>>> print(open('work.cif').read())   # mmCIF, C-alpha atoms
data_query
#
loop_
_atom_site.label_atom_id
_atom_site.label_comp_id
_atom_site.auth_asym_id
_atom_site.auth_seq_id
_atom_site.Cartn_x
_atom_site.Cartn_y
_atom_site.Cartn_z
CA MET A 1 0.00 0.00 0.00
CA SER A 2 1.58 3.19 -1.18
CA PHE A 3 0.79 6.67 0.14
CA LEU A 4 -0.29 7.35 -3.43
CA ASP A 5 -3.13 4.85 -3.10
CA GLU A 6 -4.75 6.90 -0.34
CA VAL A 7 -5.49 9.72 -2.74
CA PRO A 8 -8.94 9.51 -4.36
CA TRP A 9 -7.73 11.00 -7.65
CA ASN A 10 -10.50 13.01 -9.27
CA GLU A 11 -12.08 12.12 -12.61
CA GLU A 12 -9.09 13.72 -14.35
CA GLY A 13 -6.68 11.78 -12.13
CA LEU A 14 -5.61 14.91 -10.28
CA ILE A 15 -5.35 16.37 -6.79
CA ALA A 16 -5.08 20.07 -5.90
CA ALA A 17 -1.68 21.17 -4.58
CA VAL A 18 -1.00 24.29 -2.54
CA ALA A 19 2.58 25.54 -2.26
CA GLN A 20 3.46 27.57 0.82
CA ASP A 21 6.75 29.26 1.58
CA ALA A 22 8.19 27.28 4.48
CA GLY A 23 9.80 30.37 5.96
CA SER A 24 7.30 33.20 5.60
CA GLY A 25 4.13 31.10 5.42
CA LYS A 26 3.10 33.00 2.29
CA ILE A 27 0.92 31.07 -0.14
CA LEU A 28 2.84 30.91 -3.39
CA MET A 29 0.55 29.07 -5.79
CA VAL A 30 -2.12 26.46 -6.35
CA ALA A 31 -1.56 23.84 -9.02
CA TRP A 32 -2.42 20.23 -9.77
CA MET A 33 -0.69 16.90 -9.46
CA ASN A 34 -1.37 13.51 -10.97
CA ARG A 35 -0.08 10.32 -9.42
CA GLU A 36 3.27 10.55 -11.18
CA ALA A 37 3.74 14.17 -10.14
CA LEU A 38 3.06 13.43 -6.48
CA LYS A 39 5.37 10.41 -6.61
CA GLU A 40 8.17 12.44 -8.19
CA THR A 41 7.65 15.31 -5.76
CA ALA A 42 8.13 12.97 -2.82
CA GLU A 43 11.13 11.24 -4.38
CA ARG A 44 12.98 14.24 -5.77
CA LYS A 45 12.05 16.53 -2.86
CA GLU A 46 11.18 19.16 -5.41
CA ALA A 47 7.73 20.22 -6.56
CA VAL A 48 6.50 18.49 -9.69
CA TYR A 49 3.03 19.38 -10.95
CA TRP A 50 0.78 18.31 -13.78
CA SER A 51 0.27 21.07 -16.29
CA ARG A 52 -3.35 20.90 -17.39
CA SER A 53 -2.72 23.29 -20.28
CA ARG A 54 0.36 21.51 -21.58
CA LYS A 55 -0.90 18.08 -20.54
CA ARG A 56 2.46 16.95 -19.23
CA LEU A 57 4.52 16.78 -16.06
CA TRP A 58 5.75 20.20 -15.04
CA ARG A 59 8.91 20.11 -13.01
CA LYS A 60 8.55 23.51 -11.39
CA GLY A 61 11.56 25.63 -12.31
CA GLU A 62 12.51 23.54 -15.34
CA GLU A 63 12.61 26.67 -17.48
CA SER A 64 12.77 29.48 -14.95
CA GLY A 65 15.17 27.89 -12.49
CA HIS A 66 12.61 28.77 -9.81
CA VAL A 67 12.63 25.32 -8.28
CA GLN A 68 10.62 24.61 -5.13
CA LYS A 69 12.60 22.54 -2.62
CA LEU A 70 10.24 20.38 -0.63
CA VAL A 71 10.40 20.77 3.13
CA GLU A 72 7.14 19.09 4.09
CA LEU A 73 4.25 17.39 2.35
CA ARG A 74 0.79 17.23 3.92
CA LEU A 75 -2.55 15.69 2.99
CA ASP A 76 -5.96 17.02 3.99
CA CYS A 77 -8.79 15.19 5.72
CA ASP A 78 -10.67 14.09 2.63
CA ALA A 79 -7.43 13.59 0.72
CA ASP A 80 -8.34 15.85 -2.18
CA ALA A 81 -5.59 18.39 -1.60
CA VAL A 82 -1.93 18.33 -0.67
CA LEU A 83 0.06 21.09 0.96
CA LEU A 84 3.71 21.57 0.07
CA LYS A 85 5.89 23.62 2.35
CA VAL A 86 8.76 24.70 0.17
CA VAL A 87 11.86 26.80 -0.14
CA GLN A 88 11.22 28.87 -3.25
CA VAL A 89 14.49 29.23 -5.16
CA GLY A 90 14.86 32.76 -6.54
CA GLY A 91 12.01 33.98 -4.35
CA ILE A 92 9.68 33.95 -7.35
CA ALA A 93 6.89 31.41 -7.81
CA CYS A 94 4.71 33.19 -10.37
CA HIS A 95 5.29 33.27 -14.12
CA THR A 96 4.57 37.00 -13.95
CA GLY A 97 7.82 37.46 -12.02
CA ARG A 98 6.12 37.94 -8.67
CA GLU A 99 6.79 36.11 -5.43
CA SER A 100 3.27 34.69 -5.25
CA CYS A 101 0.57 33.98 -7.81
CA PHE A 102 -1.96 35.55 -5.44
CA PHE A 103 -0.93 39.11 -6.26
CA ARG A 104 -4.45 40.46 -6.65
CA LYS A 105 -6.61 41.47 -3.73
CA LEU A 106 -10.33 42.27 -3.68
CA GLU A 107 -10.83 45.93 -2.79
CA ASP A 108 -14.19 47.66 -3.15
CA GLY A 109 -15.43 45.01 -5.53
CA ARG A 110 -12.36 44.99 -7.79
CA TRP A 111 -9.28 42.80 -8.04
CA VAL A 112 -6.38 45.15 -7.39
CA THR A 113 -2.76 44.17 -8.05
CA THR A 114 -0.88 44.70 -4.82
CA ASP A 115 2.40 42.83 -5.28
CA PRO A 116 5.39 44.02 -7.29
CA VAL A 117 7.05 42.26 -10.21
CA LEU A 118 10.46 41.24 -8.89
CA LYS A 119 11.91 40.19 -12.22
CA ASP A 120 10.83 40.83 -15.79
CA PRO A 121 9.34 37.58 -17.14
CA SER A 122 11.23 38.08 -20.42
CA LEU A 123 14.43 37.70 -18.40
CA ILE A 124 13.08 34.57 -16.68
CA TYR A 125 11.88 32.69 -19.74
CA LYS A 126 14.21 32.46 -22.71
CA THR A 127 12.14 32.17 -25.88
CA MET B 1 -18.18 44.15 -14.92
CA SER B 2 -18.20 42.32 -11.63
CA PHE B 3 -15.14 40.79 -9.99
CA LEU B 4 -17.06 37.53 -10.36
CA ASP B 5 -16.86 37.78 -14.14
CA GLU B 6 -13.07 37.60 -14.05
CA VAL B 7 -13.17 34.05 -12.77
CA PRO B 8 -13.06 31.40 -15.52
CA TRP B 9 -15.33 29.01 -13.61
CA ASN B 10 -14.41 25.42 -14.39
CA GLU B 11 -16.71 22.97 -16.15
CA GLU B 12 -18.48 22.42 -12.84
CA GLY B 13 -18.78 26.17 -12.28
CA LEU B 14 -16.27 26.11 -9.45
CA ILE B 15 -12.99 27.65 -8.31
CA ALA B 16 -10.59 26.25 -5.71
CA ALA B 17 -10.47 28.16 -2.43
CA VAL B 18 -7.65 28.03 0.11
CA ALA B 19 -8.30 29.27 3.64
CA GLN B 20 -5.34 30.54 5.61
CA ASP B 21 -5.30 31.71 9.22
CA ALA B 22 -4.68 35.45 9.00
CA GLY B 23 -2.69 35.43 12.21
CA SER B 24 -0.51 32.34 12.17
CA GLY B 25 -0.38 31.84 8.40
CA LYS B 26 -1.38 28.20 8.85
CA ILE B 27 -3.28 26.64 5.97
CA LEU B 28 -6.63 25.57 7.35
CA MET B 29 -8.38 23.92 4.42
CA VAL B 30 -9.01 23.75 0.70
CA ALA B 31 -12.58 23.79 -0.56
CA TRP B 32 -14.56 24.96 -3.56
CA MET B 33 -16.72 27.95 -4.43
CA ASN B 34 -19.25 28.56 -7.13
CA ARG B 35 -20.22 32.06 -8.22
CA GLU B 36 -22.84 32.45 -5.52
CA ALA B 37 -20.45 31.27 -2.81
CA LEU B 38 -17.76 33.75 -3.84
CA LYS B 39 -20.32 36.55 -4.04
CA GLU B 40 -21.68 35.75 -0.58
CA THR B 41 -18.20 35.40 0.87
CA ALA B 42 -17.31 38.90 -0.31
CA GLU B 43 -20.62 40.37 0.86
CA ARG B 44 -20.94 38.67 4.23
CA LYS B 45 -17.23 38.79 5.00
CA GLU B 46 -17.48 35.17 6.07
CA ALA B 47 -16.39 32.10 4.13
CA VAL B 48 -19.12 30.45 2.09
CA TYR B 49 -18.17 27.39 0.04
CA TRP B 50 -19.90 25.05 -2.36
CA SER B 51 -20.23 21.58 -0.91
CA ARG B 52 -19.63 19.16 -3.75
CA SER B 53 -20.89 16.21 -1.71
CA ARG B 54 -24.07 17.93 -0.52
CA LYS B 55 -24.45 19.96 -3.72
CA ARG B 56 -25.43 23.12 -1.91
CA LEU B 57 -23.96 26.30 -0.49
CA TRP B 58 -22.02 25.62 2.66
CA ARG B 59 -21.84 28.54 5.01
CA LYS B 60 -18.76 27.48 6.92
CA GLY B 61 -19.66 27.15 10.59
CA GLU B 62 -23.41 26.87 9.97
CA GLU B 63 -23.53 23.72 12.10
CA SER B 64 -20.29 23.84 14.04
CA GLY B 65 -20.20 27.53 14.81
CA HIS B 66 -16.66 27.49 13.41
CA VAL B 67 -17.21 30.48 11.17
CA GLN B 68 -14.33 31.93 9.16
CA LYS B 69 -14.28 35.74 9.33
CA LEU B 70 -12.86 37.12 6.12
CA VAL B 71 -9.86 39.41 6.46
CA GLU B 72 -8.61 39.38 2.88
CA LEU B 73 -9.57 37.77 -0.42
CA ARG B 74 -7.02 37.18 -3.16
CA LEU B 75 -7.08 35.80 -6.69
CA ASP B 76 -4.25 33.99 -8.42
CA CYS B 77 -2.65 34.76 -11.78
CA ASP B 78 -4.75 32.44 -13.91
CA ALA B 79 -7.81 33.11 -11.76
CA ASP B 80 -8.51 29.47 -10.97
CA ALA B 81 -7.95 29.75 -7.22
CA VAL B 82 -8.81 32.21 -4.47
CA LEU B 83 -7.04 32.68 -1.18
CA LEU B 84 -8.99 33.63 1.91
CA LYS B 85 -7.15 35.02 4.90
CA VAL B 86 -9.48 34.41 7.78
CA VAL B 87 -9.96 34.54 11.51
CA GLN B 88 -11.02 31.00 12.40
CA VAL B 89 -13.66 31.19 15.11
CA GLY B 90 -13.11 28.46 17.70
CA GLY B 91 -9.65 27.74 16.31
CA ILE B 92 -10.98 24.66 14.53
CA ALA B 93 -11.43 24.44 10.76
CA CYS B 94 -11.57 20.66 10.28
CA HIS B 95 -14.63 18.48 10.79
CA THR B 96 -12.36 16.07 12.67
CA GLY B 97 -12.01 18.68 15.42
CA ARG B 98 -8.52 19.73 14.42
CA GLU B 99 -7.25 23.23 13.73
CA SER B 100 -6.34 22.41 10.13
CA CYS B 101 -7.52 19.81 7.64
CA PHE B 102 -3.87 19.20 6.71
CA PHE B 103 -3.14 17.13 9.81
CA ARG B 104 -1.29 14.34 8.01
CA LYS B 105 2.34 14.57 7.01
CA LEU B 106 4.31 12.32 4.70
CA GLU B 107 7.02 10.54 6.69
CA ASP B 108 9.02 7.64 5.27
CA GLY B 109 6.41 7.00 2.60
CA ARG B 110 3.41 7.07 4.94
CA TRP B 111 0.84 9.71 5.87
CA VAL B 112 1.27 10.22 9.60
CA THR B 113 -1.22 12.14 11.72
CA THR B 114 0.71 14.88 13.48
CA ASP B 115 -1.95 17.28 14.76
CA PRO B 116 -4.14 16.77 17.82
CA VAL B 117 -7.93 16.70 17.96
CA LEU B 118 -8.85 19.84 19.87
CA LYS B 119 -12.51 19.01 20.32
CA ASP B 120 -14.46 15.78 19.93
CA PRO B 121 -16.47 16.04 16.69
CA SER B 122 -19.50 14.57 18.47
CA LEU B 123 -19.49 17.67 20.63
CA ILE B 124 -19.18 19.92 17.58
CA TYR B 125 -21.94 18.43 15.46
CA LYS B 126 -25.28 17.75 17.08
CA THR B 127 -26.98 14.83 15.37
#
>>> encode(input="work.cif", output="structure tokens")
Amino acid sequence: MSFLDEVPWNEEGLIAAVAQDAGSGKILMVAWMNREALKETAERKEAVYWSRSRKRLWRKGEESGHVQKLVELRLDCDADAVLLKVVQVGGIACHTGRESCFFRKLEDGRWVTTDPVLKDPSLIYKT
Amino acid sequence: MSFLDEVPWNEEGLIAAVAQDAGSGKILMVAWMNREALKETAERKEAVYWSRSRKRLWRKGEESGHVQKLVELRLDCDADAVLLKVVQVGGIACHTGRESCFFRKLEDGRWVTTDPVLKDPSLIYKT
């Protein structure tokens, strides 16, 4: 019985994954994992997700270098989400060049961008 | 144009929602919201989710009293997840009577329960 068997993978074979900065506690991103991604994450001690848009394993940082080193992996009560506490290499999790993907905040009924771009995405992703 | 229109609701009309304790930064739970739940959450300043099992709005704390007071609401870059920073009334988010739903940690290939039950669920939920 593997820890992977305790996950009731959804109809797409996925589980939600929340990445949290192990130091600051800041929520960095929410993504998805399939069985292979969760297995690799645990083995490599680095976050590996399933890219729903690209339909392939997404080894976080494979292009950007912004790898997430796994510190702790947790499962929730109904086993439909995992929590990764990570060290975010480069201090940037978001493809927009921001620390966190949650850079918009609801203010007076509008989503307002509150977090700065730390690095120009064109310098992160070589085309 | 409402802030609700910026969410690309999935095929089930839902978005993932992560609740984080506004004080400690601890991740309390991951649940789901439909349009009505997100609208109510913003209006009432209390977390309202969509219960996929019960197929109805779930005003968090409606039975347990463990309401989540909304401090901040954030949206991620591809708008498929929201982050709620909340004050967790009663200090218990999980239906198992624990502070957080993420009470299991992967250790040596097994999910190990690490967090204590703070209150017997039979005392939380009157049947």
>>> calpha_fit_and_write(input="work.cif", fixed="chain B", moving="chain A", output="compact mmCIF listing (two decimals) with C-alpha atoms, in the coordinates of the input")
# COMPACT_ATOMS: atom_id res chain seq x y z
CA MET A 1 -18.22 44.15 -14.92
CA SER A 2 -18.19 42.33 -11.64
CA PHE A 3 -15.13 40.80 -9.99
CA LEU A 4 -17.05 37.55 -10.35
CA ASP A 5 -16.85 37.79 -14.13
CA GLU A 6 -13.06 37.60 -14.05
CA VAL A 7 -13.17 34.05 -12.77
CA PRO A 8 -13.06 31.40 -15.52
CA TRP A 9 -15.33 29.01 -13.61
CA ASN A 10 -14.40 25.43 -14.40
CA GLU A 11 -16.72 22.98 -16.16
CA GLU A 12 -18.50 22.42 -12.83
CA GLY A 13 -18.79 26.17 -12.27
CA LEU A 14 -16.27 26.11 -9.44
CA ILE A 15 -13.00 27.66 -8.31
CA ALA A 16 -10.60 26.25 -5.71
CA ALA A 17 -10.47 28.16 -2.42
CA VAL A 18 -7.66 28.03 0.11
CA ALA A 19 -8.32 29.27 3.64
CA GLN A 20 -5.34 30.54 5.61
CA ASP A 21 -5.30 31.70 9.21
CA ALA A 22 -4.68 35.44 9.00
CA GLY A 23 -2.69 35.42 12.22
CA SER A 24 -0.51 32.32 12.16
CA GLY A 25 -0.37 31.84 8.39
CA LYS A 26 -1.37 28.20 8.86
CA ILE A 27 -3.26 26.65 5.96
CA LEU A 28 -6.62 25.58 7.34
CA MET A 29 -8.40 23.94 4.41
CA VAL A 30 -9.00 23.75 0.69
CA ALA A 31 -12.57 23.80 -0.57
CA TRP A 32 -14.57 24.96 -3.56
CA MET A 33 -16.72 27.94 -4.41
CA ASN A 34 -19.27 28.57 -7.12
CA ARG A 35 -20.21 32.05 -8.22
CA GLU A 36 -22.84 32.44 -5.51
CA ALA A 37 -20.45 31.27 -2.81
CA LEU A 38 -17.75 33.73 -3.83
CA LYS A 39 -20.32 36.53 -4.04
CA GLU A 40 -21.68 35.73 -0.58
CA THR A 41 -18.19 35.40 0.87
CA ALA A 42 -17.32 38.90 -0.30
CA GLU A 43 -20.62 40.37 0.87
CA ARG A 44 -20.96 38.66 4.23
CA LYS A 45 -17.22 38.77 4.99
CA GLU A 46 -17.49 35.17 6.06
CA ALA A 47 -16.39 32.10 4.13
CA VAL A 48 -19.11 30.45 2.09
CA TYR A 49 -18.17 27.39 0.04
CA TRP A 50 -19.92 25.05 -2.35
CA SER A 51 -20.24 21.58 -0.93
CA ARG A 52 -19.64 19.16 -3.78
CA SER A 53 -20.91 16.22 -1.74
CA ARG A 54 -24.08 17.93 -0.54
CA LYS A 55 -24.46 19.95 -3.73
CA ARG A 56 -25.44 23.13 -1.92
CA LEU A 57 -23.97 26.31 -0.49
CA TRP A 58 -22.01 25.61 2.66
CA ARG A 59 -21.84 28.55 4.99
CA LYS A 60 -18.77 27.47 6.92
CA GLY A 61 -19.67 27.15 10.59
CA GLU A 62 -23.41 26.86 9.97
CA GLU A 63 -23.52 23.71 12.10
CA SER A 64 -20.27 23.82 14.03
CA GLY A 65 -20.20 27.53 14.80
CA HIS A 66 -16.65 27.49 13.41
CA VAL A 67 -17.21 30.48 11.18
CA GLN A 68 -14.33 31.94 9.17
CA LYS A 69 -14.28 35.74 9.31
CA LEU A 70 -12.85 37.11 6.10
CA VAL A 71 -9.87 39.40 6.46
CA GLU A 72 -8.61 39.38 2.88
CA LEU A 73 -9.57 37.79 -0.41
CA ARG A 74 -7.01 37.18 -3.16
CA LEU A 75 -7.08 35.80 -6.69
CA ASP A 76 -4.23 33.99 -8.42
CA CYS A 77 -2.64 34.76 -11.77
CA ASP A 78 -4.75 32.45 -13.90
CA ALA A 79 -7.81 33.11 -11.75
CA ASP A 80 -8.51 29.47 -10.95
CA ALA A 81 -7.95 29.76 -7.22
CA VAL A 82 -8.81 32.21 -4.48
CA LEU A 83 -7.03 32.67 -1.18
CA LEU A 84 -9.00 33.63 1.91
CA LYS A 85 -7.16 35.02 4.88
CA VAL A 86 -9.48 34.41 7.78
CA VAL A 87 -9.97 34.54 11.50
CA GLN A 88 -11.03 31.01 12.38
CA VAL A 89 -13.67 31.18 15.11
CA GLY A 90 -13.12 28.44 17.70
CA GLY A 91 -9.66 27.75 16.31
CA ILE A 92 -10.98 24.66 14.54
CA ALA A 93 -11.42 24.43 10.77
CA CYS A 94 -11.57 20.66 10.28
CA HIS A 95 -14.62 18.47 10.80
CA THR A 96 -12.34 16.07 12.67
CA GLY A 97 -12.00 18.68 15.43
CA ARG A 98 -8.51 19.73 14.43
CA GLU A 99 -7.24 23.23 13.73
CA SER A 100 -6.33 22.41 10.13
CA CYS A 101 -7.50 19.81 7.63
CA PHE A 102 -3.86 19.19 6.71
CA PHE A 103 -3.14 17.13 9.82
CA ARG A 104 -1.30 14.35 8.02
CA LYS A 105 2.33 14.59 7.01
CA LEU A 106 4.32 12.31 4.71
CA GLU A 107 7.03 10.54 6.70
CA ASP A 108 9.02 7.64 5.27
CA GLY A 109 6.41 7.00 2.62
CA ARG A 110 3.40 7.07 4.96
CA TRP A 111 0.83 9.70 5.88
CA VAL A 112 1.28 10.21 9.60
CA THR A 113 -1.22 12.14 11.72
CA THR A 114 0.71 14.87 13.48
CA ASP A 115 -1.94 17.28 14.76
CA PRO A 116 -4.13 16.77 17.82
CA VAL A 117 -7.92 16.71 17.95
CA LEU A 118 -8.85 19.85 19.87
CA LYS A 119 -12.51 19.01 20.32
CA ASP A 120 -14.45 15.78 19.93
CA PRO A 121 -16.47 16.04 16.70
CA SER A 122 -19.51 14.56 18.48
CA LEU A 123 -19.50 17.68 20.65
CA ILE A 124 -19.18 19.92 17.58
CA TYR A 125 -21.94 18.42 15.47
CA LYS A 126 -25.29 17.78 17.11
CA THR A 127 -26.98 14.86 15.37
>>> resolve_selection(input="work.cif", expression="the PyMOL selection byres ((chain B) within 7 of (chain A))", output="JSON, numbers by chain")
{"B": [3, 25, 30, 73, 74, 75, 76, 77, 81, 101, 102, 103, 104, 105, 106, 109, 110, 111]}
>>> residues_around(input="work.cif", residues="range 51-60 of chain B", least_positions_apart="2", cutoff="9 Å", atoms="all atoms listed in the file", output="PDB file with C-alpha atoms, in the coordinates of the input")
ATOM      1  CA  ALA B  31     -12.580  23.790  -0.560  1.00  0.00           C
ATOM      2  CA  TRP B  32     -14.560  24.960  -3.560  1.00  0.00           C
ATOM      3  CA  MET B  33     -16.720  27.950  -4.430  1.00  0.00           C
ATOM      4  CA  ASN B  34     -19.250  28.560  -7.130  1.00  0.00           C
ATOM      5  CA  GLU B  36     -22.840  32.450  -5.520  1.00  0.00           C
ATOM      6  CA  ALA B  37     -20.450  31.270  -2.810  1.00  0.00           C
ATOM      7  CA  THR B  41     -18.200  35.400   0.870  1.00  0.00           C
ATOM      8  CA  GLU B  46     -17.480  35.170   6.070  1.00  0.00           C
ATOM      9  CA  ALA B  47     -16.390  32.100   4.130  1.00  0.00           C
ATOM     10  CA  VAL B  48     -19.120  30.450   2.090  1.00  0.00           C
ATOM     11  CA  TYR B  49     -18.170  27.390   0.040  1.00  0.00           C
ATOM     12  CA  GLU B  62     -23.410  26.870   9.970  1.00  0.00           C
ATOM     13  CA  GLU B  63     -23.530  23.720  12.100  1.00  0.00           C
ATOM     14  CA  SER B  64     -20.290  23.840  14.040  1.00  0.00           C
ATOM     15  CA  GLY B  65     -20.200  27.530  14.810  1.00  0.00           C
ATOM     16  CA  HIS B  66     -16.660  27.490  13.410  1.00  0.00           C
ATOM     17  CA  VAL B  67     -17.210  30.480  11.170  1.00  0.00           C
ATOM     18  CA  GLN B  68     -14.330  31.930   9.160  1.00  0.00           C
ATOM     19  CA  ALA B  93     -11.430  24.440  10.760  1.00  0.00           C
TER      20      ALA B  93
END
>>> atom_distance(input="work.cif", atom1="CA of Ile92 in chain B", atom2="CA of Leu118 in chain B")
7.5 Å
>>> atom_distance(input="work.cif", atom1="CA of Gly90 in chain A", atom2="CA of Lys69 in chain A")
11.2 Å
>>> atom_distance(input="work.cif", atom1="CA of Val86 in chain A", atom2="CA of Asp21 in chain B")
18.1 Å
>>> closest_residue(input="work.cif", among="A:Gly61, A:Lys85, A:Arg44, A:Gly13", to="Tyr125 in chain A", atoms="all atoms listed in the file")
A:Gly61
>>> closest_residue(input="work.cif", among="B:Ile15, B:Leu123, B:Gly23, B:Leu38", to="Gly91 in chain B", atoms="only C-alpha atoms")
B:Gly23
>>> decode(input="work.cif", residues="range 21-40 of chain A", atoms="C-alpha atoms", output="PDB file, in the first residue's frame")
ATOM      1  CA  ASP A  21       6.750  29.263   1.581  1.00  0.00           C
ATOM      2  CA  ALA A  22       8.191  27.284   4.482  1.00  0.00           C
ATOM      3  CA  GLY A  23       9.802  30.369   5.956  1.00  0.00           C
ATOM      4  CA  SER A  24       7.299  33.198   5.604  1.00  0.00           C
ATOM      5  CA  GLY A  25       4.134  31.101   5.424  1.00  0.00           C
ATOM      6  CA  LYS A  26       3.101  32.997   2.294  1.00  0.00           C
ATOM      7  CA  ILE A  27       0.922  31.067  -0.144  1.00  0.00           C
ATOM      8  CA  LEU A  28       2.843  30.908  -3.387  1.00  0.00           C
ATOM      9  CA  MET A  29       0.545  29.073  -5.789  1.00  0.00           C
ATOM     10  CA  VAL A  30      -2.118  26.457  -6.349  1.00  0.00           C
ATOM     11  CA  ALA A  31      -1.558  23.841  -9.022  1.00  0.00           C
ATOM     12  CA  TRP A  32      -2.424  20.230  -9.769  1.00  0.00           C
ATOM     13  CA  MET A  33      -0.689  16.897  -9.464  1.00  0.00           C
ATOM     14  CA  ASN A  34      -1.374  13.514 -10.965  1.00  0.00           C
ATOM     15  CA  ARG A  35      -0.077  10.316  -9.417  1.00  0.00           C
ATOM     16  CA  GLU A  36       3.273  10.546 -11.180  1.00  0.00           C
ATOM     17  CA  ALA A  37       3.740  14.173 -10.143  1.00  0.00           C
ATOM     18  CA  LEU A  38       3.065  13.428  -6.483  1.00  0.00           C
ATOM     19  CA  LYS A  39       5.372  10.406  -6.606  1.00  0.00           C
ATOM     20  CA  GLU A  40       8.170  12.437  -8.192  1.00  0.00           C
TER      21      GLU A  40
END
